[in-house]
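Undergrad: Supplied in structure tokens, the structure appears directly below.
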Amino acid sequence: MTTSIEYTDQGHGTPVIFIHGFCEAKEMWKRFETEFSPYYRVLCPDLPGCGETKWFEESISLEYTAELLKDWINKLNLEKPIVIGHSLGGYVSLALAELMGDELGGIGLFHSTAFADDEEKKGVRNRTITFVEKHGVNTFIDSFVPPLFTEEHRETMKDSIQEVVKIAKTTTFQGLVSFTRAMRDRKDRMNILRDFRGKKLMIAGVLDGAVKIEASRKHQSYVDYYHELPNAGHMGMFEQELETLQMIKEFLQA
């Protein structure tokens, strides 16, 4: 592989990997590192072109991202890691499950889906690429991040929104555009979720505008642990932090 994955690594025991979402970085998981590293080995990688991991390719696919992470997992000799991904990180987690199968101990989808993009969503991705090419990363981030939080939280969670904006602006132009294309072109992996034999978790936001709750509910019969956050949009780790930590704690203990 041609790149070095930057990551944090805290604690000992069963490895738990948290994979960030689109226009995010490993810093998204600070509270989760603090909460779980006394009991598990918690690793949080930056995907290529995000955070501190350099961009290195013309373009990227979810399959190639999974190959990079498998190589990274093997180099660290991580046995049966549990992988939990937010949004884009969930798509990567499913691609990893397809690639590694029983080598993974469990997977968690956090405001994510096993479905491919429908035509409406593909149109949104294409408009994102056009906007970023015209206006740049920072202008896009300023308009993109606040609506990920529910409208009722945007005033009370101003500090969290600014924190996410700051993290998001570490995304490179190439990383943003290429992962937008990778999400647009990804295949349906519902069969991968169904057939994966490790433990499976799904956390959905009832008010999520990016991953609709109606779609999330269609995953229920395929996962062992399914939870809905009634007051969260796409950012449950901030909007309902304590509830989310408890849901993941129960999953990991199982």
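Here's how to read the names in the structure tokens: chain A, B, ... by the order shown, residue numbers from 1 in each chain, ligand numbers from 1 in the order shown.
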Please identify the helix (DSSP H, G or I) residues within range 26-218 of chain A (assignment by DSSP from backbone atoms) and present them as a ChimeraX atom specification.
TA: /A:26-36,62-75,88-103,119-135,137-144,146-148,151-153,158-168,173-184,190-195,213-217
Undergrad: List every residue of range 161-192 of chain A that has an atom at most 7 Å from any atom of range 127-144 of chain A, giving for each one its closest atom pair and the distance in Å to one decimal, counting only C-alpha atoms, sorted by chain and then by ascending residue number, as a tab-separated table.
TA:
```
residue	atom	partner	partner_atom	distance
A:Val165	CA	A:Ile141	CA	6.4
A:Ala168	CA	A:Ile141	CA	6.6
A:Lys169	CA	A:Asn138	CA	6.0
A:Phe173	CA	A:Val137	CA	6.0
A:Val177	CA	A:Ile129	CA	5.8
```
Undergrad: Counting only C-alpha atoms, figure out which residue out of A:Glu151, A:Asp46, A:Asp9, A:Glu67 gets nearest to Gly21 in chain A.
TA: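 Counting only C-alpha atoms, the residue closest to Gly21 in chain A is A:Asp46.
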Undergrad: Name the residues in contact with Thr150 in chain A at a cut-off of 12 Å, using only C-alpha atoms, excluding same-chain residues fewer than 5 positions from it; report them as a ChimeraX atom specification.
TA: /A:145,155-158,161,205-210,229-236,238-240
Undergrad: Which distance in Å separates CA of Ile192 in chain A and CA of Trp55 in chain A, to one decimal?
TA: 28.2 Å
Undergrad: With a cut-off of 6 Å, could you pull out the residues of range 97-121 of chain A touching range 69-87 of chain A and give me the nearest pair of atoms for each, distance in Å to one decimal, using only C-alpha atoms, ordered by chain and ascending number, as CSV?
TA:
```
residue,atom,partner,partner_atom,distance
A:Glu103,CA,A:Lys80,CA,5.4
A:Leu104,CA,A:Lys80,CA,4.5
A:Gly105,CA,A:Lys80,CA,4.5
A:Gly106,CA,A:Ile82,CA,4.5
A:Ile107,CA,A:Val83,CA,4.8
A:Gly108,CA,A:Ile84,CA,4.2
A:Leu109,CA,A:Gly85,CA,5.5
A:Phe110,CA,A:His86,CA,4.6
A:His111,CA,A:Ser87,CA,5.2
A:Ser112,CA,A:Ser87,CA,4.3
```
Undergrad: Could you save the residues just selected, with N, CA and C atoms, as a tab-separated table (two decimals), in the first residue's frame?
TA:
```tsv
chain	number	residue	atom	x	y	z
A	103	GLU	N	-12.72	-12.29	10.18
A	103	GLU	CA	-11.55	-11.68	10.83
A	103	GLU	C	-11.97	-10.48	11.70
A	104	LEU	N	-13.18	-9.97	11.48
A	104	LEU	CA	-13.71	-8.90	12.31
A	104	LEU	C	-14.59	-9.49	13.40
A	105	GLY	N	-14.54	-8.90	14.59
A	105	GLY	CA	-15.36	-9.39	15.69
A	105	GLY	C	-16.76	-8.81	15.70
A	106	GLY	N	-16.94	-7.64	15.08
A	106	GLY	CA	-18.25	-7.01	15.04
A	106	GLY	C	-18.18	-5.73	14.23
A	107	ILE	N	-19.35	-5.26	13.80
A	107	ILE	CA	-19.41	-3.99	13.09
A	107	ILE	C	-20.58	-3.17	13.62
A	108	GLY	N	-20.39	-1.85	13.59
A	108	GLY	CA	-21.44	-0.93	14.01
A	108	GLY	C	-21.66	0.14	12.96
A	109	LEU	N	-22.92	0.37	12.60
A	109	LEU	CA	-23.29	1.43	11.68
A	109	LEU	C	-23.91	2.56	12.48
A	110	PHE	N	-23.31	3.72	12.42
A	110	PHE	CA	-23.69	4.88	13.23
A	110	PHE	C	-24.14	5.97	12.25
A	111	HIS	N	-25.45	6.20	12.18
A	111	HIS	CA	-25.99	7.14	11.17
A	111	HIS	C	-25.46	6.76	9.79
A	112	SER	N	-25.64	5.50	9.43
A	112	SER	CA	-25.12	5.00	8.15
A	112	SER	C	-26.14	4.01	7.59
```
Undergrad: For Glu6 in chain A, which of A:Ile60, A:Val223, A:Leu43, A:Leu99 is the closest residue, counting only C-alpha atoms?
TA: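 Under the stated criterion, the closest residue is A:Leu43.
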Undergrad: List the neighbours of Arg184 in chain A out to 12 Å using only C-alpha atoms; skip same-chain residues closer than 2 positions along the sequence, and give me the result as number ranges by chain.
TA: A: 60-62, 88, 91, 115-129, 177-182, 186-188
Undergrad: Can you pull out the residues contacting Leu176 in chain A? Cut-off 8 Å, using only C-alpha atoms, and skip same-chain residues under 5 positions away; I want them as a ChimeraX atom specification.
TA: /A:22-23,49,137,171
Undergrad: Next, write the just-selected residues to a file, as a compact mmCIF listing (two decimals), in the first residue's frame, keeping N, CA, C and O atoms as the atom set.
TA:
```
# COMPACT_ATOMS: atom_id res chain seq x y z
N PHE A 22 -17.73 11.45 6.59
CA PHE A 22 -17.38 12.36 5.50
C PHE A 22 -17.04 13.74 6.07
O PHE A 22 -17.77 14.29 6.88
N CYS A 23 -15.91 14.30 5.61
CA CYS A 23 -15.44 15.61 6.10
C CYS A 23 -15.29 15.60 7.63
O CYS A 23 -15.66 16.54 8.32
N GLY A 49 -6.66 11.78 2.94
CA GLY A 49 -7.13 13.13 2.63
C GLY A 49 -7.92 13.78 3.74
O GLY A 49 -8.45 14.87 3.56
N VAL A 137 -13.28 24.13 -0.39
CA VAL A 137 -13.63 23.29 0.75
C VAL A 137 -14.25 24.11 1.88
O VAL A 137 -15.31 23.76 2.42
N THR A 171 -10.04 18.54 5.89
CA THR A 171 -10.22 17.68 4.72
C THR A 171 -9.61 18.34 3.49
O THR A 171 -9.82 19.53 3.26
```
Undergrad: Pick from A:Phe149, A:Phe56, A:Tyr7, A:Phe36: nearest to Met237 in chain A, with only C-alpha atoms counted?
TA: A:Phe149
Undergrad: Point out the residue among A:Ile213, A:Leu94, A:Gln10, A:Thr34 with the least atom-to-atom distance to Ala114 in chain A, counting only C-alpha atoms.
TA: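 Using only C-alpha atoms, Ala114 in chain A sits closest to A:Leu94.
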Undergrad: Hey, which of A:Leu68, A:Leu252, A:Ala25, A:Val92 ends up closest to Arg41 in chain A? Count only C-alpha atoms.
TA: A:Leu252
Undergrad: Find the residue from A:Gln162, A:Asn191, A:Gln220, A:Ser93 that sits nearest to Ile19 in chain A; use only C-alpha atoms when measuring.
TA: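 Checking each candidate against Ile19 in chain A, we get A:Ser93 as the closest.
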Undergrad: For the strand (DSSP E or B) assignment from backbone DSSP, which residues of range 59-193 of chain A qualify? Please present them as a ChimeraX atom specification.
TA: /A:82-86,106-110
